[in-house]
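Okay, input_6.csv is below, CSV, C-alpha atoms:
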chain,number,residue,atom,x,y,z
A,221,MET,CA,5.8,-103.4,-61.4
A,222,SER,CA,4.3,-101.5,-58.5
A,223,GLN,CA,5.4,-102.3,-55.0
A,224,SER,CA,2.9,-104.2,-52.8
A,225,THR,CA,1.2,-102.2,-50.1
A,226,ALA,CA,0.2,-103.4,-46.7
A,227,TRP,CA,-3.4,-103.9,-47.7
A,228,ASP,CA,-2.4,-106.0,-50.7
A,229,ILE,CA,-0.9,-108.7,-48.4
A,230,HIS,CA,-3.3,-111.5,-47.3
A,231,PRO,CA,-1.6,-113.9,-45.0
A,232,GLU,CA,-2.3,-117.5,-45.8
A,233,PRO,CA,-4.2,-119.6,-43.3
A,234,LEU,CA,-2.3,-122.1,-41.2
A,235,PRO,CA,-1.8,-125.3,-43.2
A,236,VAL,CA,-3.7,-128.2,-41.8
A,237,ASP,CA,-0.6,-130.4,-41.9
A,238,SER,CA,1.4,-128.0,-39.8
A,239,ALA,CA,-0.6,-128.9,-36.7
A,240,PRO,CA,1.5,-131.1,-34.3
A,241,VAL,CA,-0.5,-134.3,-34.3
A,242,PRO,CA,-0.4,-136.3,-31.1
A,243,GLU,CA,1.9,-139.4,-30.9
A,244,TYR,CA,-0.8,-142.0,-31.3
A,245,GLY,CA,0.6,-145.5,-31.3
A,246,THR,CA,3.9,-144.7,-29.7
A,247,GLY,CA,3.6,-142.0,-27.0
A,248,SER,CA,0.0,-140.9,-26.3
A,249,LEU,CA,-2.3,-141.4,-23.3
A,250,ALA,CA,-4.1,-144.0,-25.3
A,251,ASP,CA,-1.0,-146.1,-25.3
A,252,LEU,CA,-0.3,-146.1,-21.5
A,253,LEU,CA,-2.7,-148.8,-20.1
A,254,PRO,CA,-2.3,-151.2,-23.0
A,255,THR,CA,1.5,-151.0,-22.4
A,256,LEU,CA,1.1,-151.7,-18.7
A,257,ALA,CA,-1.4,-154.5,-19.2
A,258,ALA,CA,0.7,-156.1,-21.8
A,259,GLY,CA,3.5,-156.2,-19.3
A,260,MET,CA,1.2,-158.2,-17.0
A,261,ALA,CA,0.3,-160.6,-19.9
A,262,VAL,CA,-3.2,-159.4,-20.3
A,263,PRO,CA,-4.6,-160.9,-23.6
A,264,GLY,CA,-5.7,-158.3,-26.2
A,265,THR,CA,-3.2,-155.7,-25.2
A,266,THR,CA,0.0,-154.5,-26.8
A,267,ALA,CA,2.9,-152.6,-25.4
A,268,THR,CA,3.3,-149.5,-27.7
A,269,ILE,CA,5.3,-147.1,-25.4
A,270,GLY,CA,8.6,-148.9,-25.9
A,271,GLU,CA,10.4,-147.0,-23.1
A,272,LEU,CA,8.3,-148.5,-20.3
A,273,ALA,CA,9.6,-151.7,-18.5
A,274,PRO,CA,7.0,-154.2,-17.3
A,275,ALA,CA,6.0,-154.4,-13.6
A,276,ASP,CA,3.8,-156.9,-11.7
A,277,ARG,CA,1.9,-154.0,-10.0
A,278,ASN,CA,1.1,-150.8,-11.8
A,279,CYS,CA,-0.5,-147.6,-10.5
A,280,VAL,CA,-1.6,-144.7,-12.6
A,281,PHE,CA,-2.2,-141.4,-10.8
A,282,LEU,CA,-3.9,-139.0,-13.1
A,283,ILE,CA,-3.8,-135.3,-12.1
A,284,ASP,CA,-6.4,-133.4,-14.0
A,285,GLY,CA,-5.0,-130.4,-15.7
A,286,LEU,CA,-1.3,-130.7,-14.8
A,287,GLY,CA,0.5,-130.2,-18.1
A,288,TRP,CA,4.2,-130.9,-18.6
A,289,GLU,CA,5.0,-127.2,-19.3
A,290,GLN,CA,3.1,-126.0,-16.3
A,291,LEU,CA,4.9,-128.5,-14.0
A,292,ARG,CA,8.3,-127.5,-15.3
A,293,ALA,CA,7.6,-123.8,-14.8
A,294,HIS,CA,6.8,-124.3,-11.0
A,295,PRO,CA,9.6,-126.3,-9.5
A,296,GLU,CA,9.5,-124.5,-6.1
A,297,TYR,CA,5.8,-125.5,-5.7
A,298,ALA,CA,6.3,-129.2,-6.6
A,299,PRO,CA,9.7,-130.3,-5.4
A,300,PHE,CA,8.9,-134.0,-5.4
A,301,LEU,CA,7.3,-134.1,-8.8
A,302,THR,CA,10.2,-131.9,-10.2
A,303,SER,CA,12.7,-134.5,-8.9
A,304,LEU,CA,10.9,-137.1,-11.0
A,305,LEU,CA,11.0,-135.1,-14.3
A,306,GLY,CA,14.0,-137.1,-15.6
A,307,SER,CA,12.1,-140.4,-15.0
A,308,SER,CA,9.3,-139.4,-17.4
A,309,ARG,CA,8.5,-141.8,-20.3
A,310,GLY,CA,10.8,-144.5,-19.1
A,311,GLY,CA,13.7,-142.4,-18.1
A,312,THR,CA,13.9,-140.4,-21.3
A,313,GLY,CA,12.8,-137.2,-19.6
A,314,ARG,CA,10.2,-136.6,-22.3
A,315,PRO,CA,6.4,-136.1,-22.0
A,316,VAL,CA,3.7,-138.0,-23.8
A,317,THR,CA,0.8,-136.4,-25.7
A,318,ALA,CA,-2.8,-136.2,-24.5
A,319,GLY,CA,-4.6,-136.6,-27.9
A,320,PHE,CA,-6.9,-134.3,-29.7
A,321,PRO,CA,-8.8,-132.5,-28.4
A,322,ALA,CA,-6.9,-132.2,-25.1
A,323,THR,CA,-9.9,-132.2,-22.9
A,324,THR,CA,-10.9,-134.4,-19.9
A,325,ALA,CA,-13.7,-136.5,-21.4
A,326,THR,CA,-11.7,-137.4,-24.5
A,327,SER,CA,-8.5,-138.0,-22.5
A,328,LEU,CA,-10.1,-140.2,-19.8
A,329,ALA,CA,-11.7,-142.3,-22.5
A,330,SER,CA,-8.4,-142.6,-24.2
A,331,VAL,CA,-6.7,-143.7,-21.0
A,332,GLY,CA,-9.4,-146.2,-20.0
A,333,THR,CA,-10.0,-147.8,-23.3
A,334,GLY,CA,-6.5,-147.6,-24.7
A,335,LEU,CA,-8.0,-146.2,-27.9
A,336,PRO,CA,-7.6,-142.8,-29.7
A,337,PRO,CA,-10.6,-140.6,-29.9
A,338,GLY,CA,-11.5,-141.7,-33.4
A,339,ALA,CA,-12.0,-145.2,-32.1
A,340,HIS,CA,-13.5,-144.7,-28.6
A,341,GLY,CA,-15.9,-142.0,-29.9
A,342,LEU,CA,-15.6,-139.1,-27.5
A,343,PRO,CA,-13.9,-136.6,-29.9
A,344,GLY,CA,-14.6,-133.4,-27.9
A,345,TYR,CA,-16.2,-131.6,-25.0
A,346,THR,CA,-19.5,-131.3,-26.8
A,347,VAL,CA,-20.2,-133.0,-30.1
A,348,ARG,CA,-23.3,-133.6,-32.2
A,349,ASP,CA,-25.3,-136.8,-31.6
A,350,PRO,CA,-26.1,-137.9,-35.2
A,351,ALA,CA,-29.1,-139.8,-33.9
A,352,THR,CA,-30.8,-136.7,-32.5
A,353,GLY,CA,-29.0,-133.8,-34.1
A,354,GLU,CA,-28.4,-132.3,-30.6
A,355,LEU,CA,-25.1,-131.3,-28.9
A,356,MET,CA,-24.0,-134.0,-26.5
A,357,ASN,CA,-21.9,-132.9,-23.5
A,358,GLN,CA,-19.6,-135.9,-23.0
A,359,LEU,CA,-18.2,-134.7,-19.7
A,360,ARG,CA,-21.6,-134.1,-18.0
A,361,TRP,CA,-23.4,-136.7,-20.3
A,362,GLN,CA,-26.2,-134.2,-21.2
A,363,PRO,CA,-28.6,-134.9,-22.8
A,364,TRP,CA,-28.7,-138.5,-21.7
A,365,THR,CA,-27.9,-141.3,-24.1
A,366,ASP,CA,-27.1,-144.9,-23.5
A,367,PRO,CA,-23.4,-145.1,-22.5
A,368,GLN,CA,-22.8,-148.5,-23.9
A,369,VAL,CA,-24.3,-147.5,-27.3
A,370,TRP,CA,-22.2,-144.3,-27.3
A,371,GLN,CA,-18.9,-146.2,-26.4
A,372,PRO,CA,-19.3,-150.0,-26.8
A,373,ARG,CA,-15.6,-150.9,-26.7
A,374,PRO,CA,-14.2,-152.7,-23.6
A,375,THR,CA,-11.9,-150.9,-21.2
A,376,VAL,CA,-8.4,-152.0,-20.3
A,377,PHE,CA,-9.6,-152.5,-16.7
A,378,GLN,CA,-12.2,-154.9,-17.9
A,379,LEU,CA,-9.6,-156.9,-19.9
A,380,ALA,CA,-7.3,-156.9,-17.0
A,381,HIS,CA,-10.0,-158.1,-14.5
A,382,ALA,CA,-11.0,-160.9,-16.9
A,383,ALA,CA,-7.3,-162.0,-17.0
A,384,GLY,CA,-7.1,-162.3,-13.2
A,385,VAL,CA,-5.4,-158.9,-12.5
A,386,HIS,CA,-6.6,-157.1,-9.4
A,387,ALA,CA,-8.1,-154.0,-11.1
A,388,VAL,CA,-9.1,-151.1,-8.9
A,389,GLN,CA,-10.2,-147.5,-9.2
A,390,VAL,CA,-9.7,-145.3,-6.2
A,391,SER,CA,-11.4,-141.9,-6.7
A,392,ALA,CA,-14.0,-139.5,-5.2
A,393,PRO,CA,-17.3,-141.3,-4.5
A,394,ALA,CA,-19.2,-138.9,-6.7
A,395,PHE,CA,-17.5,-140.4,-9.8
A,396,GLN,CA,-18.6,-144.0,-9.1
A,397,HIS,CA,-21.8,-144.1,-11.1
A,398,THR,CA,-21.2,-141.4,-13.8
A,399,PRO,CA,-21.6,-142.4,-17.4
A,400,LEU,CA,-18.1,-141.3,-18.2
A,401,THR,CA,-16.7,-143.6,-15.5
A,402,LYS,CA,-18.9,-146.5,-16.9
A,403,ILE,CA,-17.7,-146.2,-20.5
A,404,ALA,CA,-14.0,-145.2,-19.8
A,405,LEU,CA,-12.9,-146.6,-16.5
A,406,SER,CA,-15.2,-149.5,-15.5
A,407,GLY,CA,-13.8,-152.9,-14.7
A,408,GLY,CA,-12.8,-154.5,-11.4
A,409,THR,CA,-13.6,-152.6,-8.2
A,410,PHE,CA,-14.4,-149.0,-7.6
A,411,LEU,CA,-13.4,-147.7,-4.1
A,412,GLY,CA,-14.5,-144.1,-3.2
A,413,ARG,CA,-12.7,-141.9,-0.8
A,414,GLU,CA,-13.2,-138.2,-0.3
A,415,SER,CA,-9.8,-137.0,0.8
A,416,GLY,CA,-6.7,-137.2,-1.3
A,417,GLU,CA,-4.7,-138.6,1.5
A,418,ASP,CA,-7.2,-141.5,2.0
A,419,ARG,CA,-7.0,-142.2,-1.7
A,420,MET,CA,-3.2,-142.5,-1.6
A,421,ASP,CA,-3.3,-144.8,1.4
A,422,LEU,CA,-6.0,-147.0,-0.1
A,423,ALA,CA,-4.3,-147.1,-3.5
A,424,ALA,CA,-1.1,-148.4,-1.8
A,425,GLU,CA,-3.1,-151.0,0.1
A,426,GLN,CA,-4.8,-152.2,-3.1
A,427,LEU,CA,-1.5,-152.5,-4.9
A,428,ALA,CA,-0.3,-154.8,-2.2
A,429,ALA,CA,-3.4,-156.9,-2.2
A,430,ALA,CA,-2.4,-159.1,-5.2
A,431,ASP,CA,0.6,-160.4,-7.1
A,432,ARG,CA,-0.7,-158.6,-10.2
A,433,ALA,CA,-2.5,-155.3,-9.7
A,434,LEU,CA,-3.6,-152.4,-11.9
A,435,VAL,CA,-4.7,-149.4,-9.7
A,436,TYR,CA,-6.0,-146.0,-11.0
A,437,THR,CA,-6.4,-142.9,-8.9
A,438,TYR,CA,-7.3,-139.3,-9.7
A,439,TYR,CA,-7.1,-135.8,-8.4
A,440,SER,CA,-9.3,-133.0,-10.0
A,441,GLU,CA,-8.5,-129.8,-8.1
A,442,VAL,CA,-5.5,-128.6,-10.1
A,443,ASP,CA,-7.8,-128.4,-13.2
A,444,GLY,CA,-10.6,-126.6,-11.3
A,445,ALA,CA,-8.2,-124.0,-9.9
A,446,GLY,CA,-6.7,-123.4,-13.4
A,447,HIS,CA,-10.1,-122.9,-15.0
A,448,ARG,CA,-11.3,-120.5,-12.4
A,449,PHE,CA,-8.1,-118.6,-11.5
A,450,GLY,CA,-5.5,-119.5,-14.1
A,451,VAL,CA,-2.3,-121.4,-14.0
A,452,ASP,CA,-0.5,-118.1,-13.0
A,453,SER,CA,-2.5,-117.8,-9.8
A,454,ASP,CA,-1.7,-118.5,-6.1
A,455,THR,CA,-4.7,-120.8,-5.9
A,456,TRP,CA,-3.4,-123.0,-8.7
A,457,ARG,CA,0.1,-123.1,-7.1
A,458,GLY,CA,-1.5,-124.1,-3.8
A,459,ARG,CA,-3.3,-127.0,-5.5
A,460,LEU,CA,0.0,-128.0,-7.2
A,461,SER,CA,1.8,-128.1,-3.8
A,462,HIS,CA,-0.9,-130.2,-2.3
A,463,VAL,CA,-0.9,-132.8,-5.0
A,464,ASP,CA,2.9,-132.9,-4.9
A,465,ARG,CA,2.6,-134.0,-1.3
A,466,LEU,CA,0.0,-136.6,-2.3
A,467,VAL,CA,2.3,-138.1,-4.9
A,468,GLN,CA,5.1,-138.4,-2.4
A,469,ARG,CA,2.8,-139.9,0.2
A,470,LEU,CA,1.8,-142.6,-2.3
A,471,ALA,CA,5.3,-143.2,-3.6
A,472,GLU,CA,6.6,-143.8,-0.1
A,473,GLN,CA,4.1,-146.6,0.5
A,474,LEU,CA,4.5,-148.6,-2.7
A,475,PRO,CA,4.8,-152.4,-2.2
A,476,PRO,CA,7.6,-154.3,-3.9
A,477,ARG,CA,7.6,-154.8,-7.7
A,478,THR,CA,5.4,-151.7,-8.3
A,479,ALA,CA,5.6,-149.0,-11.0
A,480,LEU,CA,3.8,-145.8,-10.2
A,481,TYR,CA,3.1,-143.5,-13.2
A,482,VAL,CA,2.0,-139.9,-12.6
A,483,THR,CA,0.3,-138.3,-15.6
A,484,ALA,CA,-2.4,-135.9,-16.6
A,485,ASP,CA,-5.2,-135.5,-19.1
A,486,HIS,CA,-4.1,-132.2,-20.6
A,487,GLY,CA,-2.2,-128.9,-19.9
A,488,MET,CA,-3.7,-125.5,-19.8
A,489,VAL,CA,-3.3,-121.9,-21.3
A,490,ASP,CA,-4.3,-118.7,-19.6
A,491,VAL,CA,-6.1,-116.5,-22.1
A,492,PRO,CA,-6.4,-112.7,-21.5
A,493,PHE,CA,-9.8,-111.1,-21.3
A,494,ASP,CA,-9.8,-108.7,-24.3
A,495,GLU,CA,-11.1,-108.7,-27.8
A,496,GLU,CA,-7.7,-109.5,-29.3
A,497,HIS,CA,-7.5,-112.8,-27.5
A,498,ARG,CA,-11.2,-113.7,-27.1
A,499,VAL,CA,-13.3,-113.9,-30.3
A,500,ASP,CA,-17.0,-114.0,-29.4
A,501,PHE,CA,-18.9,-116.3,-31.8
A,502,ASP,CA,-22.3,-115.0,-30.5
A,503,ALA,CA,-21.3,-111.5,-31.5
A,504,ASP,CA,-19.7,-112.3,-34.9
A,505,TRP,CA,-22.2,-112.5,-37.8
A,506,GLU,CA,-19.6,-113.8,-40.2
A,507,LEU,CA,-18.7,-116.8,-38.1
A,508,ARG,CA,-22.3,-117.6,-37.3
A,509,ALA,CA,-23.4,-117.6,-41.0
A,510,GLY,CA,-24.4,-121.1,-42.1
A,511,VAL,CA,-23.6,-122.6,-38.7
A,512,ALA,CA,-26.3,-124.9,-37.2
A,513,LEU,CA,-24.4,-126.0,-34.0
A,514,LEU,CA,-21.3,-124.9,-32.3
A,515,GLY,CA,-19.6,-127.7,-30.4
A,516,GLY,CA,-16.3,-128.4,-28.7
A,517,GLU,CA,-14.8,-125.7,-26.5
A,518,GLY,CA,-13.0,-122.4,-27.0
A,519,ARG,CA,-9.7,-123.8,-28.2
A,520,ALA,CA,-11.0,-126.8,-30.0
A,521,ARG,CA,-14.2,-126.2,-31.9
A,522,HIS,CA,-16.5,-128.6,-33.7
A,523,VAL,CA,-18.6,-126.6,-36.2
A,524,TYR,CA,-21.7,-128.1,-37.7
A,525,ALA,CA,-23.0,-126.4,-40.8
A,526,VAL,CA,-26.5,-126.2,-42.1
A,527,PRO,CA,-27.1,-128.4,-45.1
A,528,GLY,CA,-25.3,-127.1,-48.2
A,529,ALA,CA,-23.3,-124.5,-46.3
A,530,HIS,CA,-20.2,-126.6,-45.4
A,531,ASP,CA,-17.9,-125.1,-48.0
A,532,ASP,CA,-18.9,-121.6,-47.2
A,533,VAL,CA,-18.5,-122.1,-43.5
A,534,LEU,CA,-15.0,-123.6,-44.0
A,535,ALA,CA,-13.9,-120.7,-46.2
A,536,CYS,CA,-15.2,-118.1,-43.8
A,537,TRP,CA,-13.7,-119.6,-40.8
A,538,ARG,CA,-10.3,-119.9,-42.5
A,539,GLU,CA,-10.5,-116.3,-43.6
A,540,VAL,CA,-11.5,-115.0,-40.2
A,541,LEU,CA,-9.5,-117.3,-37.9
A,542,GLY,CA,-6.9,-119.0,-40.1
A,543,GLU,CA,-3.9,-117.1,-38.9
A,544,GLN,CA,-4.4,-118.1,-35.3
A,545,PHE,CA,-6.3,-121.4,-35.6
A,546,TRP,CA,-5.7,-124.5,-37.6
A,547,VAL,CA,-9.0,-124.7,-39.5
A,548,ALA,CA,-9.8,-128.0,-41.3
A,549,SER,CA,-12.8,-129.8,-42.8
A,550,ARG,CA,-13.8,-133.0,-41.2
A,551,ASP,CA,-12.1,-135.1,-43.8
A,552,GLU,CA,-8.9,-133.0,-43.7
A,553,ALA,CA,-8.6,-133.4,-40.0
A,554,ILE,CA,-9.2,-137.1,-40.2
A,555,GLU,CA,-6.6,-137.5,-43.0
A,556,ALA,CA,-4.1,-135.5,-41.0
A,557,GLY,CA,-4.6,-137.9,-38.1
A,558,TRP,CA,-5.9,-135.4,-35.5
A,559,PHE,CA,-8.3,-138.0,-34.0
A,560,GLY,CA,-6.0,-141.0,-34.5
A,561,PRO,CA,-5.2,-143.3,-37.4
A,562,HIS,CA,-8.7,-144.7,-37.8
A,563,ILE,CA,-12.2,-143.3,-37.4
A,564,GLU,CA,-15.0,-145.7,-36.7
A,565,ASP,CA,-18.2,-145.3,-38.7
A,566,ARG,CA,-20.3,-144.5,-35.6
A,567,VAL,CA,-17.8,-141.6,-34.8
A,568,TYR,CA,-17.5,-140.0,-38.2
A,569,ASP,CA,-20.6,-137.8,-38.0
A,570,ARG,CA,-19.9,-136.8,-34.4
A,571,ILE,CA,-16.9,-134.8,-35.7
A,572,GLY,CA,-17.7,-131.3,-36.9
A,573,ASP,CA,-18.0,-130.4,-40.5
A,574,VAL,CA,-15.3,-127.9,-39.7
A,575,ILE,CA,-12.8,-128.1,-36.8
A,576,ALA,CA,-10.9,-125.1,-35.5
A,577,ALA,CA,-7.9,-125.7,-33.2
A,578,ALA,CA,-6.1,-122.8,-31.6
A,579,ARG,CA,-2.4,-122.3,-32.2
A,580,ASP,CA,-2.0,-118.9,-30.5
A,581,ASP,CA,-3.1,-117.8,-27.0
A,582,VAL,CA,-6.7,-117.1,-28.3
A,583,LEU,CA,-10.1,-118.4,-27.5
A,584,LEU,CA,-13.4,-118.6,-29.5
A,585,ILE,CA,-16.0,-118.0,-26.8
A,586,ALA,CA,-19.7,-118.0,-27.1
A,587,SER,CA,-20.8,-115.6,-24.4
A,588,ASP,CA,-24.6,-116.1,-24.7
A,589,ARG,CA,-24.8,-119.9,-25.1
A,590,GLU,CA,-21.7,-120.8,-23.0
A,591,PRO,CA,-21.5,-118.1,-20.3
A,592,LYS,CA,-19.6,-120.3,-17.7
A,593,GLU,CA,-17.1,-121.6,-20.1
A,594,SER,CA,-16.6,-118.2,-21.7
A,595,ALA,CA,-15.6,-116.8,-18.2
A,596,MET,CA,-12.8,-119.3,-17.6
A,597,VAL,CA,-9.3,-118.0,-17.2
A,598,GLY,CA,-7.4,-121.2,-18.0
A,599,ASN,CA,-8.4,-123.2,-21.1
A,600,HIS,CA,-7.3,-126.2,-23.1
A,601,GLY,CA,-8.2,-128.4,-26.0
A,602,SER,CA,-5.8,-127.8,-28.8
A,603,MET,CA,-2.5,-129.2,-30.0
A,604,THR,CA,0.0,-126.7,-28.7
A,605,PRO,CA,2.7,-128.1,-26.4
A,606,ALA,CA,1.2,-126.3,-23.4
A,607,GLU,CA,-2.0,-128.3,-23.8
A,608,GLN,CA,-0.8,-131.6,-25.4
A,609,PHE,CA,2.4,-132.4,-23.4
A,610,VAL,CA,1.7,-134.3,-20.2
A,611,PRO,CA,4.1,-135.9,-17.8
A,612,LEU,CA,4.6,-139.7,-17.4
A,613,LEU,CA,6.6,-139.6,-14.2
A,614,GLU,CA,7.8,-142.9,-12.8
A,615,VAL,CA,8.6,-144.3,-9.4
A,616,ARG,CA,9.6,-148.0,-8.9
A,617,SER,CA,9.9,-150.1,-5.8
Go through the file and emit its structure as structure tokens.
Amino acid sequence: MSQSTAWDIHPEPLPVDSAPVPEYGTGSLADLLPTLAAGMAVPGTTATIGELAPADRNCVFLIDGLGWEQLRAHPEYAPFLTSLLGSSRGGTGRPVTAGFPATTATSLASVGTGLPPGAHGLPGYTVRDPATGELMNQLRWQPWTDPQVWQPRPTVFQLAHAAGVHAVQVSAPAFQHTPLTKIALSGGTFLGRESGEDRMDLAAEQLAAADRALVYTYYSEVDGAGHRFGVDSDTWRGRLSHVDRLVQRLAEQLPPRTALYVTADHGMVDVPFDEEHRVDFDADWELRAGVALLGGEGRARHVYAVPGAHDDVLACWREVLGEQFWVASRDEAIEAGWFGPHIEDRVYDRIGDVIAAARDDVLLIASDREPKESAMVGNHGSMTPAEQFVPLLEVRS
């Protein structure tokens, strides 16, 4: 027998079942609000994060883009948050998972509805609308579609409000009337405040306003700094330091019988600007062949094939990207549980014919059709620990 030479070796693509699936049903963002609401005896909710003890008043502070690994890597910039690491997930010192894809629209819908992506129906940054055949941006809600048709399930805030719980969102005024807020976070009262300090003070006031309260507040600037400058930048560290002070400000004002949970919608990965780490779909004829629409984002792509080209597209993407991306057909990804244990019929065709989720520090950009996204330093979306693991820090009064 002749010895194998280097060019005879063809590495196998990453097995679909080797992707680390989020902890749906036991420790994902979708499990947080149902667990808190169940502790306040809200009908229709179930406690599924077993480590969390009930409280009469609950506050969720979601810091956009603050992953577990990024927080742990910067203790000097976040001393208060770092002091709480051992409290995460009910004192186990463990993170929870965001859900796939690890992106803001999907994660906020998971938080607010208490459902995984396959049930709430926002399975990516951009996905195909089966009714029109167009890509739908689920963060910016473009092109317009009826929010209640797109996501008809009730939010946990609505269930809590109906059960007599004082349900409140305290966020930036600009978010009050957005479609994403309506389908993911509506229910009870929305109170808008521009500054982070005002939001913390008002959240504390609202927690004290009733015997049973569910208050949600939000800070977006950590994510914005990460996208523009990277999580290894002074700007990002400055935003982290600021939000660290905000969390401490809120924690010091908690009324009695309150549990404060500090979490995030995803982590982030800095991707170098070179051809090795950034594959350009718009410049690669092999990847474009047979593709009608490219959805998702650089680390979590939904690929929609022209009729009859599904198998060829899947084979090509596996051959070209399969050593660095988990590449799956729609049915393979669903069977593996990437989007949760159950996919509702209205959601099935929103998911790509092919899904590509990055394992390595790589990005599938589209420089012509997505110039802004393709220029971002920090990125997220996939199932790696840096993107999936988010804190669930706890302060009790």
Discussion item. Applying 6 Å and all atoms listed in the file, which residues near Arg432 in chain A remain after dropping the ones on its own chain fewer than 3 positions away? List them as number ranges by chain.
Written reply: A: 276-277, 385
Discussion item. Please return as number ranges by chain every residue within 10 Å of (-8.3, -143.8, -20.6), taking into account all atoms listed in the file and the file's own coordinates.
Written reply: A: 249-254, 282, 324-336, 340, 375-377, 401, 403-405, 485
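Among the candidate residues A:Ala428, A:Val610, A:Ala392, A:Val280, the one lying nearest to Gly412 in chain A is A:Ala392, with distances computed using all atoms listed in the file.
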May I have a table of the residues of range 243-335 of chain A lying at most 12 Å from range 563-579 of chain A, giving each one's closest pair of atoms and their distance in Å to one decimal, counting all atoms listed in the file, ordered by chain and ascending residue number, as a tab-separated table?
residue	atom	partner	partner_atom	distance
A:Phe320	CA	A:Ala577	CA	9.3
A:Pro321	CA	A:Ala577	CA	8.4
A:Ala322	CA	A:Ala577	CA	10.4
A:Leu335	CA	A:Ile563	CA	10.8
Saved selection, atoms kept: C-alpha atoms, as an mmCIF file, in the coordinates of the input:
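Contents of the output file again-v1.cif:
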data_model
loop_
_atom_site.group_PDB
_atom_site.id
_atom_site.type_symbol
_atom_site.label_atom_id
_atom_site.label_comp_id
_atom_site.auth_asym_id
_atom_site.auth_seq_id
_atom_site.Cartn_x
_atom_site.Cartn_y
_atom_site.Cartn_z
ATOM 1 C CA PHE A 320 -6.900 -134.300 -29.700
ATOM 2 C CA PRO A 321 -8.800 -132.500 -28.400
ATOM 3 C CA ALA A 322 -6.900 -132.200 -25.100
ATOM 4 C CA LEU A 335 -8.000 -146.200 -27.900
#
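Closest approach to Trp537 in chain A from the set A:Gly341, A:Gly510, A:Pro374, A:Gly560 is made by A:Gly510, with distances taken over only C-alpha atoms.
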Worksheet entry | Of the listed residues A:Ser549, A:Ser248, A:Ser238, A:Thr323, that which approaches Leu286 in chain A most closely, counting all atoms listed in the file | A:Thr323
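For the pair CA of Glu614 in chain A and CA of Gly310 in chain A, the separation is 7.2 Å.
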Discussion item. Quick one: residues within 10 Å of Glu296 in chain A, only C-alpha atoms, excluding same-chain residues fewer than 4 positions away - as a ChimeraX atom specification?
Written reply: /A:291-292,300,302,457,461
Worksheet item: With all atoms listed in the file as the basis for distance, which of A:Tyr297, A:Gly247, A:Ile283, A:Gln608 is at the shortest distance from Asp454 in chain A?
Response: A:Tyr297
Response to the item:
Closest of A:Arg519, A:Glu590, A:Asp452, A:Ser415 to Ala293 in chain A, counting all atoms listed in the file, is A:Asp452
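Counting all atoms listed in the file and comparing A:Ala606, A:Ala520, A:Cys536, A:Val491, the residue that lies closest to Glu506 in chain A is A:Cys536.
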Using all atoms listed in the file, determine which residues lie at most 10 Å from Arg348 in chain A, disregarding the query and same-chain residues fewer than 6 positions distant; provide the list as a PDB file with C-alpha atoms, in the coordinates of the input.
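Output contents, as saved in selection-v4.pdb:
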ATOM      1  CA  GLU A 354     -28.400-132.300 -30.600  1.00  0.00           C
ATOM      2  CA  LEU A 355     -25.100-131.300 -28.900  1.00  0.00           C
ATOM      3  CA  MET A 356     -24.000-134.000 -26.500  1.00  0.00           C
ATOM      4  CA  ASN A 357     -21.900-132.900 -23.500  1.00  0.00           C
ATOM      5  CA  LEU A 513     -24.400-126.000 -34.000  1.00  0.00           C
ATOM      6  CA  LEU A 514     -21.300-124.900 -32.300  1.00  0.00           C
ATOM      7  CA  GLY A 515     -19.600-127.700 -30.400  1.00  0.00           C
ATOM      8  CA  GLY A 516     -16.300-128.400 -28.700  1.00  0.00           C
ATOM      9  CA  HIS A 522     -16.500-128.600 -33.700  1.00  0.00           C
ATOM     10  CA  VAL A 523     -18.600-126.600 -36.200  1.00  0.00           C
ATOM     11  CA  TYR A 524     -21.700-128.100 -37.700  1.00  0.00           C
ATOM     12  CA  ASP A 569     -20.600-137.800 -38.000  1.00  0.00           C
ATOM     13  CA  ARG A 570     -19.900-136.800 -34.400  1.00  0.00           C
ATOM     14  CA  ILE A 571     -16.900-134.800 -35.700  1.00  0.00           C
ATOM     15  CA  GLY A 572     -17.700-131.300 -36.900  1.00  0.00           C
TER      16      GLY A 572
END
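Atom to atom, CA of Phe493 in chain A and CA of Gly285 in chain A stand 20.7 Å apart.
For the pair CA of His497 in chain A and CA of Glu232 in chain A, the interatomic distance is 19.6 Å.
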Practice prompt. Skip Asp421 in chain A itself and residues of its chain fewer than 2 positions away, then list as a PyMOL selection string all residues within 10 Å of it, counting all atoms listed in the file.
Written response: chain A and resi 390+416-419+423-426+466+469-470+473-474
Discussion item. At a cut-off of 9 Å, using all atoms listed in the file, what residues contact Pro367 in chain A? Leave out same-chain residues fewer than 6 positions from it and give the result as a PyMOL selection string.
Written reply: chain A and resi 361+399-400+402-403
